[in-house]
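For reference, the structure discussed in these notes is given below.
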Amino acid sequence: MTATELIWLIVYLIAIGIAGIIYWYWHRRTELKFLKRLVTQLSQQHKVRQPLNIATIPYRFIPLYVQLQHLLKQLPPPKGCDKLTGLLNRVGLKAKLTRKMPLTQGMFVLIDIHRFRYVNDLFGFSLGDKLLQALAERLERRIGDKDILARMNEDEFLIYFHTPMSEAELVVFQQGLAQPISIKGTVINLQLQLGYLDLSMHHADVSQMLRRLDLALVRAKSASNYIAAYQEGDDRSQHRQLTIVSCFPKALEQNELYLVFQPKYNLATGDCTHAEALIRWDSSVLGPISPGEFIPLLEYAGMISMLSQWVIDQVLLQQVRWQESDIRLQLAINLAIDDLSEKQLSERIISRLKQHGLSAQVLSIEITESQLMTDMVRTVAVLNRLKRAGVKVAIDDFGTGHSSLAYLKHLPVDEVKIDRAFLTGIESDPRAQHIVRSAVELAKGLDFSVTVEGVEQMPVFELLQEMGVDKVQGEIYAKPMRAPELEMHWRKLNRPLGDGG
């Protein structure tokens with residue numbers, strides 16, 4: 001071997017050695033990088049259970065990676081933490097707050113996504129979950145080191161602010177949170193409701209403070225800007241509300257609820273052809289309770305369908321008795337939006353009519369315009385089924401729900417009821433007359449019959465008669481009355497208004 005060949009051999013061996021060292025170093029570096037990422041992701045599992053996500057896995061570590069992924073799926077969520085967002089859950093929050101007691105400074109804010117269930121209904125639960133995760137991340141970026149953030153339930157988040165905000169600051173905070181969120185090309189517009197509790201004024205034990213915060217959120221849902229504070233006395237109000245809800249099932253059993261019927265005067269025939277069934281409750285515990293108080297509570301508690309089923313049964317039983325006495329009336333009942341969300345509603349009504357041997361013409365359904373706009377597609381589907389069966393449908397409080405005129409021509413309704421609010425000053429105010437006249441003409445043009453509520457004076461009645469209204473309802477004709485009273489006044493109700501009526 002020549003000297004030149006020996007030199008090249010040495011160079012070749014050195015090159016192989018260097019390449020081996022580089023390969024070993026690169027390979028070890030890749031493994032070390034993988035192990036570092038693995039340890040980081042595993043260390044975060046005490047906060048939130050998430051699948052491992054590492055792009056490059058060294059060959060000899062693939063079996064370990066697969067086994068760890070499988071093991072993580074079997075583990076329960078971290079104690080005190082929310083599985084979806086990694087935030088504290090209600091249990092974890094209460095434990096953390098208890099360790100900080102007494103809490104006499106700062107502020108609790110409870111945040112709720114308005115109509116979140118419609119996001120799940122329209123886009124699916126997967127997108128709904130991603131929305132909650134995105135909002136959780138947005139909230140985390142907006143709180144300080146001393147603040148506490150938790151997810152309380154499906155779409156409610158709680159923040160403990162170490163330093164309280166003014167309501168003006170809360171409005172800015174709300175607006176920042178409510179910026180649209182884009183998820184896989186779908187833009188979700190948020191509307192957030194905020195209830196808050198000033199701890200310097202209303203501190204107590206943890207459970208009571210959280211209850212007060214819930215009350216503040218309930219108040220926020222009816223506030224114009226969807227923000228409200230807990231107020232002194234809300235606890236007493238809540239106690240009454242809880243009593244009403246808890247007493248309701250027993251009240252049905254003990255016949256504390258009953259119906260009254262308010263006749264409607266038919267201007268075309270000069271007699272009584274329709275009436276509205278109204279609910280009354282004389283509680284053995286609380287005395288008389290207004291429908292305006294107990295119906296929203298039953299809706300909130302998910303018990304409104306119990307009441308609606310009772311009303312439907314009572315109305316149809318009354319119709320059977322009146323038909324035997326040759327009293328012919330179409331009775332209207334008011335249904336809530338939750339009733340109209342039930343797929344079985346129309347089938348149940350049709351079944352009850354057949355059971356009692358009654359024509360569908362004896363019944364009318366009234367829903368408010370605002371209810372109709374809450375879930376247009378589902379509500380219209382239910383109303384169409386009732387219409388096909390022959391049940392009449394009316395829009396109550398017409399003109400107060402801000403519905404688009406473009407929808408009106410598609411609504412499966414027979415009648416609109418103009419609210420009494422439109423009658424204020426109508427005798428002397430030409431503009432008030434113009435508004436009512438326009439509403440009547442609009443409804444008539446769409447082939448709806450028109451009923452006006454709250455008519456109390458003869459000059460108003462005569463104006464409405466001249467405008468072409470079909471029926472009036474109010475004290476000028478008849479107050480709400482129980483069934484025996486209506487039967488007693490049946491002859492009087494069937495005389496032309498003003499003729500001794």
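Naming scheme: A, B, ... for chains in displayed order of the structure tokens; residues 1 onward per chain; ligands 1 onward as shown.
Using only C-alpha atoms, the protein and nucleic acid residues lying no more than 8 Å from range 163-179 of chain A, apart from those fewer than 6 places from it along its own chain, are Gln105, Gly106, Met107, Leu135, Arg138, Leu139, Asn189, Leu190, Gln191, Leu192, Leu194, Asp198 and Ile227 of chain A.
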Subject >> Spatial neighbours of Tyr230 in chain A, 10 Å, only C-alpha atoms, chain gap at least 6 places, as a ChimeraX atom specification >> reply: /A:195-198,201-202,209,211-220
Just N, CA and C atoms for this one: save the residues we selected as a PDB file, in the first residue's frame.
```
ATOM      1  N   GLY A 195     -73.710  38.000  36.290  1.00  0.00           N
ATOM      2  CA  GLY A 195     -74.190  38.334  37.622  1.00  0.00           C
ATOM      3  C   GLY A 195     -72.988  38.517  38.531  1.00  0.00           C
ATOM      4  N   TYR A 196     -73.036  39.524  39.420  1.00  0.00           N
ATOM      5  CA  TYR A 196     -71.859  39.743  40.270  1.00  0.00           C
ATOM      6  C   TYR A 196     -72.252  39.999  41.717  1.00  0.00           C
ATOM      7  N   LEU A 197     -71.286  39.733  42.592  1.00  0.00           N
ATOM      8  CA  LEU A 197     -71.486  39.851  44.036  1.00  0.00           C
ATOM      9  C   LEU A 197     -70.310  40.617  44.629  1.00  0.00           C
ATOM     10  N   ASP A 198     -70.599  41.752  45.252  1.00  0.00           N
ATOM     11  CA  ASP A 198     -69.578  42.564  45.916  1.00  0.00           C
ATOM     12  C   ASP A 198     -69.347  41.976  47.310  1.00  0.00           C
ATOM     13  N   MET A 201     -69.772  43.915  50.683  1.00  0.00           N
ATOM     14  CA  MET A 201     -71.139  44.185  51.146  1.00  0.00           C
ATOM     15  C   MET A 201     -71.900  42.913  51.501  1.00  0.00           C
ATOM     16  N   HIS A 202     -71.593  41.810  50.796  1.00  0.00           N
ATOM     17  CA  HIS A 202     -72.437  40.615  50.938  1.00  0.00           C
ATOM     18  C   HIS A 202     -71.615  39.352  51.180  1.00  0.00           C
ATOM     19  N   MET A 209     -72.647  32.501  49.457  1.00  0.00           N
ATOM     20  CA  MET A 209     -72.183  33.470  48.463  1.00  0.00           C
ATOM     21  C   MET A 209     -72.436  32.951  47.039  1.00  0.00           C
ATOM     22  N   ARG A 211     -74.834  30.902  46.177  1.00  0.00           N
ATOM     23  CA  ARG A 211     -76.284  30.999  45.952  1.00  0.00           C
ATOM     24  C   ARG A 211     -76.669  32.421  45.581  1.00  0.00           C
ATOM     25  N   ARG A 212     -76.089  33.386  46.281  1.00  0.00           N
ATOM     26  CA  ARG A 212     -76.386  34.792  45.975  1.00  0.00           C
ATOM     27  C   ARG A 212     -75.913  35.153  44.570  1.00  0.00           C
ATOM     28  N   LEU A 213     -74.807  34.587  44.177  1.00  0.00           N
ATOM     29  CA  LEU A 213     -74.293  34.837  42.827  1.00  0.00           C
ATOM     30  C   LEU A 213     -75.243  34.270  41.776  1.00  0.00           C
ATOM     31  N   ASP A 214     -75.806  33.098  42.051  1.00  0.00           N
ATOM     32  CA  ASP A 214     -76.814  32.530  41.140  1.00  0.00           C
ATOM     33  C   ASP A 214     -78.013  33.463  41.010  1.00  0.00           C
ATOM     34  N   LEU A 215     -78.422  34.061  42.132  1.00  0.00           N
ATOM     35  CA  LEU A 215     -79.550  34.987  42.101  1.00  0.00           C
ATOM     36  C   LEU A 215     -79.228  36.219  41.269  1.00  0.00           C
ATOM     37  N   ALA A 216     -77.977  36.683  41.361  1.00  0.00           N
ATOM     38  CA  ALA A 216     -77.566  37.833  40.551  1.00  0.00           C
ATOM     39  C   ALA A 216     -77.631  37.502  39.073  1.00  0.00           C
ATOM     40  N   LEU A 217     -77.242  36.275  38.707  1.00  0.00           N
ATOM     41  CA  LEU A 217     -77.291  35.877  37.292  1.00  0.00           C
ATOM     42  C   LEU A 217     -78.738  35.792  36.807  1.00  0.00           C
ATOM     43  N   VAL A 218     -79.634  35.298  37.643  1.00  0.00           N
ATOM     44  CA  VAL A 218     -81.054  35.270  37.272  1.00  0.00           C
ATOM     45  C   VAL A 218     -81.547  36.684  36.991  1.00  0.00           C
ATOM     46  N   ARG A 219     -81.146  37.625  37.844  1.00  0.00           N
ATOM     47  CA  ARG A 219     -81.533  39.022  37.638  1.00  0.00           C
ATOM     48  C   ARG A 219     -80.920  39.572  36.348  1.00  0.00           C
ATOM     49  N   ALA A 220     -79.676  39.165  36.040  1.00  0.00           N
ATOM     50  CA  ALA A 220     -78.989  39.653  34.839  1.00  0.00           C
ATOM     51  C   ALA A 220     -79.701  39.221  33.565  1.00  0.00           C
TER      52      ALA A 220
END
```
Original post:
Quick one: DSSP strand (DSSP E) residues in range 108-333 of chain A, as a ChimeraX atom specification?
Top reply: /A:108-113,148-151,156-161,181-183,186-188,192-198,227-229,257-266,271-283,287-289,330-333
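Minimum distance to Pro263 in chain A across A:Ala332, A:Ser308, A:Ile365, A:Glu415 (counting only C-alpha atoms) occurs at A:Ala332.
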Once you count only C-alpha atoms, what closest atom pair and distance in Å to one decimal does each residue of range 87-168 of chain A within 9 Å of range 203-208 of chain A have, with rows by chain and rising residue number, as a tab-separated table?
```
residue	atom	partner	partner_atom	distance
A:Lys94	CA	A:Val206	CA	6.8
A:Leu97	CA	A:Val206	CA	7.0
A:Thr98	CA	A:Val206	CA	6.7
A:Met101	CA	A:Asp205	CA	8.0
A:Pro102	CA	A:Asp205	CA	7.8
A:Leu103	CA	A:His203	CA	6.6
A:Thr104	CA	A:His203	CA	5.6
A:Gln105	CA	A:His203	CA	8.1
```
**OP:** Could you give me the residues within range 350-385 of chain A that DSSP places in helix (DSSP H, G or I), as a PyMOL selection string?
**Re:** chain A and resi 350-355+360-362+369-374+376-385
Print the selection's residues with N, CA and C atoms to a file, as an mmCIF file, in the first residue's frame.
```
data_model
loop_
_atom_site.group_PDB
_atom_site.id
_atom_site.type_symbol
_atom_site.label_atom_id
_atom_site.label_comp_id
_atom_site.auth_asym_id
_atom_site.auth_seq_id
_atom_site.Cartn_x
_atom_site.Cartn_y
_atom_site.Cartn_z
ATOM 1 N N ILE A 350 -103.873 15.967 19.856
ATOM 2 C CA ILE A 350 -104.755 15.247 18.922
ATOM 3 C C ILE A 350 -105.320 13.994 19.580
ATOM 4 N N SER A 351 -104.467 13.287 20.339
ATOM 5 C CA SER A 351 -104.918 12.076 21.034
ATOM 6 C C SER A 351 -105.993 12.399 22.065
ATOM 7 N N ARG A 352 -105.796 13.498 22.818
ATOM 8 C CA ARG A 352 -106.780 13.882 23.832
ATOM 9 C C ARG A 352 -108.119 14.272 23.184
ATOM 10 N N LEU A 353 -108.072 14.961 22.070
ATOM 11 C CA LEU A 353 -109.312 15.328 21.377
ATOM 12 C C LEU A 353 -110.090 14.085 20.963
ATOM 13 N N LYS A 354 -109.390 13.113 20.406
ATOM 14 C CA LYS A 354 -110.053 11.863 19.990
ATOM 15 C C LYS A 354 -110.603 11.115 21.200
ATOM 16 N N GLN A 355 -109.826 11.106 22.286
ATOM 17 C CA GLN A 355 -110.248 10.415 23.501
ATOM 18 C C GLN A 355 -111.574 10.955 24.026
ATOM 19 N N ALA A 360 -111.417 19.209 16.601
ATOM 20 C CA ALA A 360 -110.273 20.099 16.820
ATOM 21 C C ALA A 360 -110.702 21.557 16.843
ATOM 22 N N GLN A 361 -111.882 21.873 16.318
ATOM 23 C CA GLN A 361 -112.357 23.257 16.268
ATOM 24 C C GLN A 361 -112.670 23.832 17.649
ATOM 25 N N VAL A 362 -112.740 22.979 18.687
ATOM 26 C CA VAL A 362 -113.067 23.483 20.027
ATOM 27 C C VAL A 362 -111.847 24.097 20.705
ATOM 28 N N GLU A 369 -95.629 36.531 20.396
ATOM 29 C CA GLU A 369 -94.755 36.807 19.253
ATOM 30 C C GLU A 369 -93.287 36.608 19.626
ATOM 31 N N SER A 370 -92.901 36.997 20.853
ATOM 32 C CA SER A 370 -91.509 36.842 21.275
ATOM 33 C C SER A 370 -91.136 35.369 21.405
ATOM 34 N N GLN A 371 -92.084 34.521 21.868
ATOM 35 C CA GLN A 371 -91.828 33.084 21.941
ATOM 36 C C GLN A 371 -91.610 32.512 20.545
ATOM 37 N N LEU A 372 -92.422 32.956 19.629
ATOM 38 C CA LEU A 372 -92.325 32.467 18.257
ATOM 39 C C LEU A 372 -90.953 32.757 17.674
ATOM 40 N N MET A 373 -90.408 33.941 17.977
ATOM 41 C CA MET A 373 -89.122 34.334 17.415
ATOM 42 C C MET A 373 -87.949 33.652 18.105
ATOM 43 N N THR A 374 -88.168 33.071 19.300
ATOM 44 C CA THR A 374 -87.081 32.429 20.031
ATOM 45 C C THR A 374 -86.535 31.226 19.279
ATOM 46 N N MET A 376 -87.822 29.882 15.798
ATOM 47 C CA MET A 376 -88.795 29.947 14.710
ATOM 48 C C MET A 376 -88.998 28.604 14.021
ATOM 49 N N VAL A 377 -87.905 27.925 13.664
ATOM 50 C CA VAL A 377 -88.010 26.706 12.858
ATOM 51 C C VAL A 377 -88.778 25.623 13.606
ATOM 52 N N ARG A 378 -88.386 25.370 14.868
ATOM 53 C CA ARG A 378 -89.028 24.301 15.633
ATOM 54 C C ARG A 378 -90.489 24.642 15.942
ATOM 55 N N THR A 379 -90.740 25.901 16.304
ATOM 56 C CA THR A 379 -92.092 26.307 16.654
ATOM 57 C C THR A 379 -93.032 26.188 15.461
ATOM 58 N N VAL A 380 -92.583 26.649 14.304
ATOM 59 C CA VAL A 380 -93.422 26.581 13.104
ATOM 60 C C VAL A 380 -93.738 25.131 12.744
ATOM 61 N N ALA A 381 -92.781 24.224 12.934
ATOM 62 C CA ALA A 381 -93.020 22.800 12.630
ATOM 63 C C ALA A 381 -94.134 22.240 13.511
ATOM 64 N N VAL A 382 -94.101 22.580 14.815
ATOM 65 C CA VAL A 382 -95.152 22.094 15.731
ATOM 66 C C VAL A 382 -96.501 22.711 15.370
ATOM 67 N N LEU A 383 -96.509 24.018 15.085
ATOM 68 C CA LEU A 383 -97.768 24.683 14.751
ATOM 69 C C LEU A 383 -98.358 24.146 13.454
ATOM 70 N N ASN A 384 -97.511 23.790 12.518
ATOM 71 C CA ASN A 384 -98.010 23.206 11.259
ATOM 72 C C ASN A 384 -98.733 21.886 11.511
ATOM 73 N N ARG A 385 -98.184 21.071 12.419
ATOM 74 C CA ARG A 385 -98.841 19.796 12.729
ATOM 75 C C ARG A 385 -100.202 20.031 13.376
#
```
Using only C-alpha atoms, determine which residues lie at most 12 Å from Gly185 in chain A, disregarding the query and same-chain residues fewer than 4 positions distant; provide the list as a PDB file with N, CA and C atoms, in the first residue's frame.
```
ATOM      1  N   PHE A 123     -75.113  23.370  15.680  1.00  0.00           N
ATOM      2  CA  PHE A 123     -73.794  23.008  15.162  1.00  0.00           C
ATOM      3  C   PHE A 123     -73.249  21.701  15.718  1.00  0.00           C
ATOM      4  N   LEU A 127     -68.676  21.182  18.329  1.00  0.00           N
ATOM      5  CA  LEU A 127     -68.394  22.602  18.174  1.00  0.00           C
ATOM      6  C   LEU A 127     -68.719  23.357  19.454  1.00  0.00           C
ATOM      7  N   PRO A 180     -66.799  37.880  18.571  1.00  0.00           N
ATOM      8  CA  PRO A 180     -67.084  36.612  17.873  1.00  0.00           C
ATOM      9  C   PRO A 180     -65.897  35.651  17.915  1.00  0.00           C
ATOM     10  N   ILE A 181     -66.205  34.369  17.980  1.00  0.00           N
ATOM     11  CA  ILE A 181     -65.189  33.321  17.988  1.00  0.00           C
ATOM     12  C   ILE A 181     -65.353  32.478  16.735  1.00  0.00           C
TER      13      ILE A 181
END
```
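The residue that comes closest to Arg90 in chain A, out of A:Arg328, A:Arg437, A:Lys492, A:Arg151 and on the basis of only C-alpha atoms, is A:Arg151.
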So that I can see what lies close to Val452 in chain A, please list as a JSON list (two decimals) with C-alpha atoms, in the first residue's frame the residues with an atom at most 6 Å from it, counting only C-alpha atoms and leaving out residues fewer than 5 positions away in the same chain.
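This went into result-v3.json:
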```json
[["chain", "number", "residue", "atom", "x", "y", "z"],
["A", 417, "LYS", "CA", -104.28, 39.42, 19.15],
["A", 418, "ILE", "CA", -103.33, 43.10, 19.42],
["A", 472, "VAL", "CA", -112.75, 42.20, 21.32]]
```
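With only C-alpha atoms as the atoms that count, the residue of A:Leu286, A:Leu386, A:Leu345, A:Leu93 with the shortest distance to Glu256 in chain A is A:Leu286.
Using only C-alpha atoms, the shortest contact distance between Ile148 in chain A and any of A:Lys100, A:Lys444, A:Lys130, A:Lys184 is found at A:Lys100.
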Subject >> Shell around Gln457 in chain A at 9 Å using only C-alpha atoms, local window under 3 positions removed, as a list in words >> reply: Val460, Phe461, Glu462, Glu475 and Ile476 of chain A
Expected file contents, prior selection, N, CA, C and O atoms, as a PDB file, in the first residue's frame:
```
ATOM      1  N   VAL A 460    -113.749  53.381  22.491  1.00  0.00           N
ATOM      2  CA  VAL A 460    -112.668  52.542  21.938  1.00  0.00           C
ATOM      3  C   VAL A 460    -113.266  51.388  21.149  1.00  0.00           C
ATOM      4  O   VAL A 460    -112.817  51.067  20.043  1.00  0.00           O
ATOM      5  N   PHE A 461    -114.309  50.780  21.725  1.00  0.00           N
ATOM      6  CA  PHE A 461    -114.981  49.685  21.027  1.00  0.00           C
ATOM      7  C   PHE A 461    -115.509  50.138  19.670  1.00  0.00           C
ATOM      8  O   PHE A 461    -115.356  49.441  18.659  1.00  0.00           O
ATOM      9  N   GLU A 462    -116.124  51.306  19.639  1.00  0.00           N
ATOM     10  CA  GLU A 462    -116.698  51.794  18.379  1.00  0.00           C
ATOM     11  C   GLU A 462    -115.615  52.080  17.341  1.00  0.00           C
ATOM     12  O   GLU A 462    -115.801  51.830  16.146  1.00  0.00           O
ATOM     13  N   GLU A 475    -113.029  44.216  29.754  1.00  0.00           N
ATOM     14  CA  GLU A 475    -114.064  44.401  30.763  1.00  0.00           C
ATOM     15  C   GLU A 475    -115.314  45.081  30.210  1.00  0.00           C
ATOM     16  O   GLU A 475    -116.367  45.035  30.850  1.00  0.00           O
ATOM     17  N   ILE A 476    -115.213  45.712  29.045  1.00  0.00           N
ATOM     18  CA  ILE A 476    -116.423  46.288  28.456  1.00  0.00           C
ATOM     19  C   ILE A 476    -117.438  45.191  28.137  1.00  0.00           C
ATOM     20  O   ILE A 476    -118.646  45.431  28.098  1.00  0.00           O
TER      21      ILE A 476
END
```
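Proximity to Ala301 in chain A was assessed for A:Asp429, A:Asp338, A:Glu276, A:Asp271 counting only C-alpha atoms; the smallest distance is recorded for A:Asp338.
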